[in-house]
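K.L.:
coords.cif (mmCIF, C-alpha atoms) pasted underneath:
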```cif
data_coords
loop_
_atom_site.label_atom_id
_atom_site.label_comp_id
_atom_site.auth_asym_id
_atom_site.auth_seq_id
_atom_site.Cartn_x
_atom_site.Cartn_y
_atom_site.Cartn_z
CA MET G 1 -170.11 7.64 39.94
CA ASN G 2 -169.45 9.87 36.92
CA GLY G 3 -165.72 10.10 36.40
CA GLN G 4 -166.12 13.78 35.41
CA LYS G 5 -167.89 14.72 38.62
CA THR G 6 -166.37 17.71 40.37
CA THR G 7 -166.11 18.45 44.08
CA VAL G 8 -165.13 21.29 46.33
CA ILE G 9 -161.48 22.34 46.09
CA ARG G 10 -159.42 19.80 48.04
CA ASN G 11 -155.98 20.95 46.90
CA SER G 12 -155.79 24.72 47.13
CA LEU G 13 -155.28 26.77 43.98
CA ASN G 14 -154.61 30.52 43.99
CA GLU G 15 -157.27 31.76 41.58
CA ASP G 16 -156.00 35.36 41.59
CA ASP G 17 -152.51 34.25 40.56
CA LEU G 18 -153.98 31.97 37.89
CA LEU G 19 -156.14 34.78 36.46
CA LEU G 20 -153.14 37.11 36.37
CA TYR G 21 -151.03 34.48 34.59
CA LEU G 22 -153.73 33.73 32.00
CA ASN G 23 -154.05 37.41 31.14
CA MET G 24 -150.27 37.77 30.84
CA ASN G 25 -150.32 35.10 28.11
CA PRO G 26 -152.79 36.25 25.41
CA THR G 27 -152.12 33.18 23.25
CA ILE G 28 -154.06 31.13 25.82
CA LEU G 29 -157.24 33.14 25.26
CA ARG G 30 -156.80 33.01 21.50
CA THR G 31 -156.45 29.22 21.66
CA LEU G 32 -159.55 28.94 23.86
CA GLU G 33 -161.53 31.06 21.40
CA SER G 34 -160.31 28.92 18.50
CA LEU G 35 -161.43 25.76 20.29
CA ARG G 36 -164.80 27.32 21.19
CA SER G 37 -165.55 28.40 17.62
CA SER G 38 -164.46 25.03 16.24
CA ARG G 39 -166.60 23.14 18.74
CA HIS G 40 -169.72 25.15 17.90
CA ASN G 41 -168.93 25.40 14.19
CA ALA G 42 -168.99 29.18 14.45
CA PRO G 43 -166.56 31.87 13.30
CA GLN G 44 -164.16 33.29 15.84
CA SER G 45 -165.34 36.52 17.44
CA SER G 46 -163.83 39.72 16.06
CA HIS G 47 -164.83 41.53 19.27
CA LEU G 48 -162.88 39.29 21.62
CA SER G 49 -161.36 41.00 24.63
CA ASN G 50 -157.67 40.60 25.34
CA SER G 51 -158.32 39.40 28.87
CA ILE G 52 -160.31 37.00 31.00
CA SER G 53 -162.50 38.81 33.48
CA SER G 54 -163.43 36.03 35.90
CA LEU G 55 -162.76 32.42 36.82
CA LYS G 56 -164.67 29.64 38.50
CA VAL G 57 -162.58 26.68 39.65
CA LYS G 58 -163.74 23.16 40.55
CA GLN G 59 -161.69 20.04 41.24
CA PHE G 60 -162.40 16.67 39.66
CA GLY G 61 -163.28 13.93 42.13
CA PHE G 62 -161.10 11.30 40.45
CA GLY G 63 -157.32 11.37 40.35
CA GLN G 64 -154.88 9.90 42.83
CA SER G 65 -151.75 11.94 42.20
CA ASN G 66 -151.91 15.06 40.05
CA PRO G 67 -154.61 17.53 41.17
CA THR G 68 -156.85 18.22 38.19
CA TYR G 69 -159.28 21.13 37.97
CA LEU G 70 -162.13 22.28 35.74
CA ILE G 71 -161.66 25.98 34.95
CA ILE G 72 -164.61 28.04 33.73
CA ALA G 73 -163.39 31.38 32.39
CA THR G 74 -165.41 34.36 31.20
CA SER G 75 -164.21 37.01 28.76
CA HIS G 76 -166.31 40.04 27.75
CA SER G 77 -166.23 41.37 24.21
CA VAL G 78 -164.72 44.77 23.49
CA SER G 79 -167.55 46.53 21.66
CA THR G 80 -170.65 44.46 22.46
CA ILE G 81 -172.48 43.32 25.57
CA ASN G 82 -171.73 39.68 24.75
CA SER G 83 -169.55 37.50 26.93
CA PHE G 84 -167.77 34.29 26.08
CA THR G 85 -167.38 31.33 28.42
CA TYR G 86 -164.58 28.81 28.10
CA GLN G 87 -164.14 25.50 29.89
CA PHE G 88 -160.72 23.96 30.13
CA VAL G 89 -158.72 21.70 32.42
CA LEU G 90 -155.70 22.52 34.58
CA ARG G 91 -153.53 19.57 35.60
CA LYS G 92 -150.94 20.31 38.23
CA LYS G 93 -147.96 18.64 39.84
CA PRO G 94 -148.72 18.15 43.56
CA ALA G 95 -147.03 20.47 46.01
CA SER G 96 -145.43 17.53 47.83
CA ILE G 97 -143.95 14.54 45.99
CA SER G 98 -142.33 11.29 47.14
CA HIS G 99 -139.72 11.18 44.36
CA LYS G 100 -138.22 13.98 42.29
CA THR G 101 -138.97 12.26 38.96
CA ALA G 102 -142.62 11.53 39.79
CA HIS G 103 -145.66 13.48 38.59
CA ASN G 104 -143.91 14.84 35.51
CA VAL G 105 -146.77 16.87 34.04
CA ALA G 106 -144.35 18.58 31.63
CA ARG G 107 -143.64 15.21 30.04
CA GLU G 108 -147.37 14.52 29.90
CA PHE G 109 -147.91 17.80 28.05
CA LYS G 110 -145.11 16.90 25.64
CA ILE G 111 -146.72 13.61 24.70
CA LEU G 112 -150.12 15.27 24.17
CA SER G 113 -148.51 17.87 21.93
CA ALA G 114 -146.72 15.20 19.89
CA ILE G 115 -149.94 13.23 19.41
CA GLN G 116 -151.80 16.40 18.47
CA GLN G 117 -149.18 17.09 15.80
CA SER G 118 -149.50 13.52 14.52
CA ASN G 119 -153.30 13.73 14.45
CA LEU G 120 -153.15 16.86 12.28
CA ALA G 121 -150.88 15.07 9.80
CA ILE G 122 -153.11 11.99 9.80
CA SER G 123 -156.24 14.06 9.12
CA HIS G 124 -154.76 15.00 5.73
CA SER G 125 -153.56 11.54 4.73
CA SER G 126 -155.60 8.86 6.53
CA PRO G 127 -157.72 6.54 4.34
CA LYS G 128 -161.45 7.15 4.50
CA ASN G 129 -162.15 3.62 5.79
CA ARG G 130 -160.04 3.91 8.96
CA ASP G 131 -159.31 6.69 11.41
CA PHE G 132 -155.74 6.23 12.66
CA SER G 133 -155.74 9.25 14.95
CA ILE G 134 -155.52 9.05 18.76
CA PRO G 135 -158.33 11.04 20.41
CA ILE G 136 -156.96 13.35 23.11
CA PRO G 137 -157.86 16.66 24.73
CA HIS G 138 -156.27 19.53 22.83
CA PRO G 139 -153.13 20.66 24.73
CA ILE G 140 -153.18 24.41 25.31
CA HIS G 141 -150.29 25.63 27.43
CA LEU G 142 -147.48 24.44 29.73
CA CYS G 143 -146.08 26.42 32.67
CA THR G 144 -142.90 25.22 34.38
CA ASP G 145 -142.49 28.31 36.57
CA PRO G 146 -143.22 27.20 40.17
CA SER G 147 -143.66 30.83 41.28
CA VAL G 148 -147.04 30.96 39.49
CA LEU G 149 -149.01 28.21 41.26
CA GLY G 150 -146.33 26.49 43.36
CA SER G 151 -145.49 23.73 40.84
CA ASP G 152 -145.59 22.85 37.14
CA PHE G 153 -148.99 22.73 35.46
CA TYR G 154 -150.52 22.56 32.03
CA LEU G 155 -153.82 23.47 30.41
CA MET G 156 -155.85 21.33 28.02
CA ASP G 157 -159.29 21.42 26.48
CA PHE G 158 -162.23 20.07 28.50
CA VAL G 159 -163.84 17.16 26.67
CA GLU G 160 -167.42 16.67 27.81
CA GLY G 161 -168.47 13.04 28.07
CA ARG G 162 -168.99 10.13 30.37
CA ILE G 163 -166.27 8.19 32.16
CA PHE G 164 -167.81 4.90 33.20
CA THR G 165 -166.73 3.73 36.62
CA ASN G 166 -168.95 0.68 36.05
CA ALA G 167 -167.44 -1.36 33.22
CA ALA G 168 -170.89 -2.82 32.43
CA MET G 169 -171.87 0.65 31.17
CA PRO G 170 -175.37 0.95 32.66
CA GLY G 171 -177.78 3.00 30.61
CA MET G 172 -176.37 2.00 27.24
CA THR G 173 -178.06 -0.30 24.76
CA PRO G 174 -176.41 -3.70 24.12
CA SER G 175 -175.48 -2.57 20.61
CA ASP G 176 -173.85 0.62 21.88
CA ARG G 177 -171.92 -1.30 24.55
CA TYR G 178 -170.40 -3.55 21.93
CA SER G 179 -169.57 -0.60 19.69
CA ALA G 180 -167.89 1.21 22.60
CA TRP G 181 -165.67 -1.76 23.44
CA CYS G 182 -164.77 -2.24 19.77
CA ASP G 183 -163.84 1.42 19.49
CA ALA G 184 -161.67 1.18 22.61
CA ILE G 185 -159.75 -1.65 20.91
CA ARG G 186 -159.44 0.41 17.72
CA VAL G 187 -157.99 3.35 19.68
CA LEU G 188 -155.63 1.03 21.55
CA GLY G 189 -154.38 -0.28 18.22
CA ASN G 190 -153.84 3.29 17.01
CA ILE G 191 -151.80 4.09 20.13
CA HIS G 192 -149.59 1.07 19.52
CA ALA G 193 -149.10 2.10 15.87
CA PHE G 194 -148.10 5.67 16.78
CA ASP G 195 -144.88 6.61 14.94
CA TRP G 196 -142.96 8.00 17.91
CA VAL G 197 -139.62 7.49 16.12
CA ASN G 198 -140.47 10.32 13.71
CA SER G 199 -142.12 12.51 16.34
CA PRO G 200 -140.76 15.19 18.69
CA LEU G 201 -140.65 12.50 21.39
CA ASN G 202 -137.60 10.91 19.80
CA SER G 203 -134.68 12.93 21.11
CA ARG G 204 -132.13 10.21 20.45
CA SER G 205 -131.93 10.37 16.67
CA THR G 206 -132.94 12.38 13.65
CA PRO G 207 -136.22 11.59 11.84
CA THR G 208 -136.04 8.64 9.49
CA THR G 209 -138.15 7.16 6.77
CA PRO G 210 -141.15 5.39 8.41
CA THR G 211 -140.78 1.63 8.55
CA PRO G 212 -143.55 -1.00 8.63
CA GLU G 213 -142.67 -1.95 12.18
CA VAL G 214 -142.52 0.97 14.61
CA PRO G 215 -141.89 0.37 18.32
CA PRO G 216 -145.21 0.82 20.11
CA MET G 217 -146.05 3.62 22.45
CA VAL G 218 -147.66 2.07 25.49
CA LYS G 219 -150.49 3.80 27.29
CA SER G 220 -153.07 2.24 29.50
CA ILE G 221 -156.76 2.67 28.71
CA PHE G 222 -158.55 1.58 31.84
CA ARG G 223 -161.79 3.50 31.53
CA LEU G 224 -163.98 3.55 28.45
CA LEU G 225 -165.49 6.82 27.33
CA SER G 226 -168.87 7.17 25.66
CA VAL G 227 -168.99 10.77 24.60
CA TYR G 228 -171.29 13.55 23.58
CA LYS G 229 -171.20 15.01 20.12
CA ALA G 230 -170.86 18.72 20.76
CA GLN G 231 -173.50 19.92 18.31
CA SER G 232 -176.29 17.39 18.88
CA ARG G 233 -175.56 16.44 22.50
CA VAL G 234 -176.38 12.85 21.53
CA ALA G 235 -174.33 10.19 23.27
CA GLU G 236 -172.20 8.18 20.89
CA PRO G 237 -170.56 4.81 21.67
CA ARG G 238 -166.99 5.82 20.83
CA VAL G 239 -163.85 7.03 22.55
CA ILE G 240 -163.40 10.77 22.20
CA ALA G 241 -160.43 11.33 24.51
CA VAL G 242 -157.73 9.22 26.14
CA ILE G 243 -156.75 11.04 29.31
CA ASP G 244 -154.05 10.75 31.99
CA TRP G 245 -150.80 10.04 30.12
CA GLU G 246 -148.58 10.14 33.20
CA LEU G 247 -147.39 6.52 32.86
CA TRP G 248 -146.77 6.40 29.12
CA GLN G 249 -143.70 4.52 27.96
CA LEU G 250 -141.93 4.12 24.64
CA ASN G 251 -140.80 0.92 22.97
CA GLN G 252 -142.46 -1.46 25.41
CA ASP G 253 -144.65 -4.51 24.93
CA PRO G 254 -148.19 -3.41 23.94
CA LEU G 255 -149.68 -6.52 25.57
CA THR G 256 -149.34 -4.77 28.93
CA ASP G 257 -151.97 -2.28 27.74
CA LEU G 258 -154.22 -5.03 26.44
CA ALA G 259 -153.99 -6.77 29.82
CA ASN G 260 -154.76 -3.50 31.57
CA LEU G 261 -157.93 -3.08 29.53
CA SER G 262 -159.02 -6.69 30.06
CA MET G 263 -158.23 -6.52 33.78
CA VAL G 264 -161.78 -5.26 34.46
CA HIS G 265 -162.93 -8.83 33.73
CA LEU G 266 -161.25 -9.92 36.99
CA PHE G 267 -163.04 -7.53 39.33
CA PRO G 268 -166.65 -8.10 40.47
CA ASN G 269 -169.53 -6.02 39.18
CA VAL G 270 -170.62 -5.16 42.71
CA LEU G 271 -169.60 -2.31 44.94
CA ASP G 272 -167.61 -3.21 48.02
CA ILE G 273 -169.02 -0.68 50.47
CA GLY G 274 -166.13 -1.17 52.84
CA SER G 275 -163.50 -0.42 50.21
CA LYS G 276 -164.79 3.04 49.28
CA ILE G 277 -163.80 2.36 45.66
CA ASP G 278 -166.56 3.44 43.31
CA MET G 279 -165.36 1.15 40.51
CA GLN G 280 -167.14 -1.95 39.24
CA GLY G 281 -165.64 -4.63 37.02
CA LEU G 282 -167.23 -7.32 34.87
CA ARG G 283 -166.89 -10.52 36.86
CA GLY G 284 -170.33 -12.07 37.19
CA VAL G 285 -172.14 -10.12 34.45
CA ASP G 286 -174.19 -11.70 31.66
CA PHE G 287 -171.81 -11.02 28.76
CA PRO G 288 -174.15 -12.16 25.91
CA ALA G 289 -177.10 -10.16 27.25
CA LEU G 290 -175.03 -7.01 27.74
CA ARG G 291 -173.08 -7.57 24.48
CA ILE G 292 -169.79 -6.99 26.21
CA PRO G 293 -166.84 -8.99 24.86
CA THR G 294 -165.52 -11.68 27.19
CA GLU G 295 -161.78 -11.64 27.84
CA PRO G 296 -161.03 -14.15 24.99
CA GLU G 297 -163.31 -12.18 22.65
CA LEU G 298 -161.53 -8.94 23.59
CA LEU G 299 -158.19 -10.54 22.72
CA LEU G 300 -159.65 -11.70 19.40
CA LEU G 301 -160.75 -8.16 18.55
CA TYR G 302 -157.27 -6.88 19.26
CA SER G 303 -155.63 -9.57 17.12
CA GLN G 304 -157.80 -8.38 14.22
CA ILE G 305 -156.56 -4.80 14.72
CA ASN G 306 -152.89 -5.59 15.41
CA ARG G 307 -151.89 -8.41 13.08
CA THR G 308 -148.54 -8.76 14.85
CA PHE G 309 -150.17 -11.05 17.41
CA ALA G 310 -152.17 -14.20 16.75
CA HIS G 311 -155.20 -14.80 18.94
CA SER G 312 -153.70 -18.05 20.23
CA GLU G 313 -150.55 -16.21 21.32
CA LEU G 314 -152.57 -13.58 23.18
CA LEU G 315 -154.51 -16.29 24.99
CA ARG G 316 -151.35 -18.17 25.93
CA TRP G 317 -149.68 -15.14 27.51
CA SER G 318 -152.73 -13.35 28.93
CA GLY G 319 -152.33 -14.78 32.44
CA PHE G 320 -148.72 -13.66 32.65
CA TYR G 321 -149.51 -10.10 31.57
CA LEU G 322 -152.50 -9.90 33.88
CA SER G 323 -150.23 -10.99 36.75
CA PHE G 324 -147.75 -8.30 35.81
CA LEU G 325 -150.44 -5.59 35.65
CA LEU G 326 -151.92 -6.67 38.96
CA PHE G 327 -148.50 -6.44 40.58
CA LYS G 328 -147.95 -3.04 38.97
CA ASN G 329 -151.21 -1.86 40.49
CA VAL G 330 -150.09 -3.17 43.88
CA VAL G 331 -147.05 -0.90 43.61
CA ILE G 332 -149.22 2.05 42.53
CA ALA G 333 -151.71 1.41 45.34
CA HIS G 334 -148.86 1.25 47.84
CA GLY G 335 -147.68 4.66 46.62
CA VAL G 336 -151.19 6.05 46.94
CA LYS G 337 -151.39 4.70 50.48
CA GLU G 338 -148.14 6.48 51.32
CA ARG G 339 -149.51 9.76 49.92
CA ILE G 340 -152.67 9.36 52.00
CA ILE G 341 -150.60 8.91 55.15
CA LYS G 342 -148.60 12.02 54.23
CA GLN G 343 -151.91 13.79 53.47
CA VAL G 344 -150.96 14.65 49.89
CA SER G 345 -153.49 12.43 48.06
CA SER G 346 -155.63 14.19 45.44
CA SER G 347 -158.57 11.76 45.35
CA SER G 348 -161.86 12.76 46.94
CA ASN G 349 -162.80 9.26 48.11
CA ASP G 350 -159.65 7.74 49.56
CA THR G 351 -158.61 6.68 53.03
CA VAL G 352 -155.81 4.51 54.37
CA GLU G 353 -158.27 1.70 55.09
CA GLY G 354 -160.36 2.04 51.93
CA GLY G 355 -160.12 3.35 48.39
CA VAL G 356 -157.07 2.60 46.27
CA GLY G 357 -154.92 2.76 49.39
CA GLY G 358 -156.73 -0.27 50.78
CA MET G 359 -156.27 -2.43 47.67
CA VAL G 360 -152.72 -3.61 48.29
CA GLU G 361 -153.35 -6.92 50.05
CA ASN G 362 -156.34 -7.98 47.91
CA VAL G 363 -154.71 -7.24 44.57
CA LEU G 364 -151.44 -8.89 45.57
CA GLU G 365 -153.39 -12.04 46.38
CA MET G 366 -155.10 -11.85 42.97
CA CYS G 367 -151.71 -11.46 41.30
CA GLU G 368 -150.27 -14.58 42.96
CA LYS G 369 -153.39 -16.60 42.17
CA MET G 370 -153.35 -15.55 38.50
CA LEU G 371 -149.71 -16.57 38.05
CA ARG G 372 -150.40 -19.96 39.64
CA GLU G 373 -153.54 -20.70 37.65
CA ARG G 374 -152.67 -19.17 34.27
CA PRO G 375 -148.91 -19.32 33.69
CA PRO G 376 -147.68 -18.89 30.11
CA ILE G 377 -147.23 -22.14 28.17
CA VAL G 378 -144.26 -22.47 25.82
CA ASN G 379 -143.62 -25.62 23.76
CA ASN G 380 -145.98 -27.64 25.93
CA GLY G 381 -143.94 -26.83 29.01
CA LYS G 382 -144.56 -24.38 31.79
CA LEU G 383 -142.17 -21.52 32.31
#
```
Go through the file and emit its structure as structure tokens.

P.N.:
Amino acid sequence: MNGQKTTVIRNSLNEDDLLLYLNMNPTILRTLESLRSSRHNAPQSSHLSNSISSLKVKQFGFGQSNPTYLIIATSHSVSTINSFTYQFVLRKKPASISHKTAHNVAREFKILSAIQQSNLAISHSSPKNRDFSIPIPHPIHLCTDPSVLGSDFYLMDFVEGRIFTNAAMPGMTPSDRYSAWCDAIRVLGNIHAFDWVNSPLNSRSTPTTPTPEVPPMVKSIFRLLSVYKAQSRVAEPRVIAVIDWELWQLNQDPLTDLANLSMVHLFPNVLDIGSKIDMQGLRGVDFPALRIPTEPELLLLYSQINRTFAHSELLRWSGFYLSFLLFKNVVIAHGVKERIIKQVSSSSNDTVEGGVGGMVENVLEMCEKMLRERPPIVNNGKL
């Protein structure tokens, strides 16, 4: 399944209210036009209308918590017969939540904005031999007025690409597969090097002089993106956007992210029809033939990007972190199951018995097995 596949609207969205709100905020249209002209390497239109005339709304099939929509907007020019079409994404807090601090899309927008600001600074100072930016969708607008659509929401650019739900990346050449995995590790290293201390995210102190060691910003990259270059439409084996920042954390161990990325090595590369989960891992694949890094090779690649950790240290602690991430996913899956029972789940392919909601028992068993078989070793003694 393509992770960008859309479905019929499952969580209702008042399109008339959305259209009215968009037209009451002209900066949104100006930002959309700026993104359109930049994407197509064309000058901005001087005949742009001040309003959007129509909307088409679709909902993405993936997503367990925050309903996420593809918005296709049309704006007609003032003095010509031309029209302009814009595609962007609306990500919304669900109407019903289990905990008041959950689904904080405003915080998610804040982190995207901070990264966007950092990327702009990096583009003027980064060495030519290494891109230190973090690829994200361009954040456009945040609305925290629940009277508009019933709950907080934000808008961001739509990044066209492929989200692989099969970690073996069918359809790619072996060389491109390897390049994609290497680029995912590069981006993960950039996330962990993000200077959040001197960003708007740091509300606890005033900006300081950057230091060599900056606490990492932790964000899970679970799915790899191989993306389309806008002008040529040729697929490239690189990450163009890290999406879904709901669970980001500051000043936490980056090895949790590395374990989250390598966790696909634990799941089989076959579909379990009964589970209704359209996700395939890497267990059982021919790694040399596909040119996909094994788990130890993935850890080696990361140690070459982040020199803080030796490869031997990553290997020694990998079982512990995988156990932790598996248990974390048990907790997440349990929450998803609760939302399904309450009929507030946003996913298009979930049931109580199957989908993420049905993962709890199996993943908990995997967690316990991992901790038994691969405990961390310290000074030749088991913890």

K.L.:
Which residues fall under the PyMOL selection byres ((chain G and resi 289) around 12) in this file, as a list in words?

P.N.:
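Here the PyMOL selection byres ((chain G and resi 289) around 12) matches Ala168, Thr173, Pro174, Ser175, Arg177, Tyr178, Val285, Asp286, Phe287, Pro288, Leu290, Arg291, Ile292, Pro293 and Thr294 of chain G.
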
K.L.:
Calculated over only C-alpha atoms, which of the candidates G:Val148, G:Arg10, G:Gln59, G:Leu250 has the smallest distance to G:Met24?

P.N.:
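Checking each of G:Val148, G:Arg10, G:Gln59, G:Leu250 against G:Met24, counting only C-alpha atoms, the winner is G:Val148.
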
K.L.:
Measure the distance from atom CA of G:Val336 to atom CA of G:Asn66 in Å and round it to one decimal.

P.N.:
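Atom-to-atom, atom CA of G:Val336 and atom CA of G:Asn66 are spaced 11.4 Å apart.
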
K.L.:
Would you compute, for all listed atoms of stretch 253-257 of chain G, the axis-aligned bounding box grown by 6 Å on each side, and then report its centre and edge lengths in Å rounded to one decimal, as AutoDock Vina command-line options?

P.N.:
```
--center_x -148.3 --center_y -4.4 --center_z 26.4 --size_x 19.3 --size_y 16.2 --size_z 17.0
```

K.L.:
Between atom CA of G:Thr165 and atom CA of G:His103, what distance in Å does the model show, to one decimal?

P.N.:
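Interatomic distance, atom CA of G:Thr165 to atom CA of G:His103: 23.3 Å.
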
K.L.:
For the PyMOL selection byres ((chain G and resi 374) around 10), applied here, can you spell out every residue it catches as an MDAnalysis selection string?

P.N.:
chainID G and resid 315:323 369:373 375:377 382

K.L.:
Rounded to one decimal in Å, what is the spacing between atom CA of G:Glu33 and atom CA of G:Leu142?

P.N.:
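Calculated distance between atom CA of G:Glu33 and atom CA of G:Leu142 is 17.6 Å.
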
K.L.:
Can you give me, as a list of chain:residue names, the residues this file yields under the PyMOL selection byres ((chain G and resi 104) around 10)?

P.N.:
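Output of the PyMOL selection byres ((chain G and resi 104) around 10): G:Asn66, G:Lys92, G:Lys93, G:Pro94, G:Lys100, G:Thr101, G:Ala102, G:His103, G:Val105, G:Ala106, G:Arg107, G:Glu108, G:Phe109, G:Asp152, G:Phe153, G:Trp245, G:Glu246, G:Leu247.
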
K.L.:
Find the residues near G:Leu266: any atom within 10 Å, counting all atoms listed in the file, skip ones fewer than 4 places away on the same chain, and give them as a list in words.

P.N.:
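My reading of the contact set: Ser262, Gly281, Leu282, Arg283, Gly284, Glu295, Leu322, Met366 and Met370 of chain G.
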
K.L.:
Set the distance at 12 Å and use only C-alpha atoms: which residues neighbour G:Leu20 once local chain neighbours fewer than 2 positions away are removed? I'd like the list as a PyMOL selection string.

P.N.:
chain G and resi 14-18+22-26+51-55+148-149

K.L.:
Using all atoms listed in the file, which residue out of G:Ala310, G:Pro268, G:Lys56, G:Leu255 lies closest to G:Leu325?

P.N.:
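Nearest to G:Leu325: G:Leu255.
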
K.L.:
With distances taken over all atoms listed in the file, which of G:Asp257, G:Ser147, G:Ile185, G:Leu326 is nearest to G:Leu300?

P.N.:
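For G:Leu300, the nearest of the candidates is G:Ile185.
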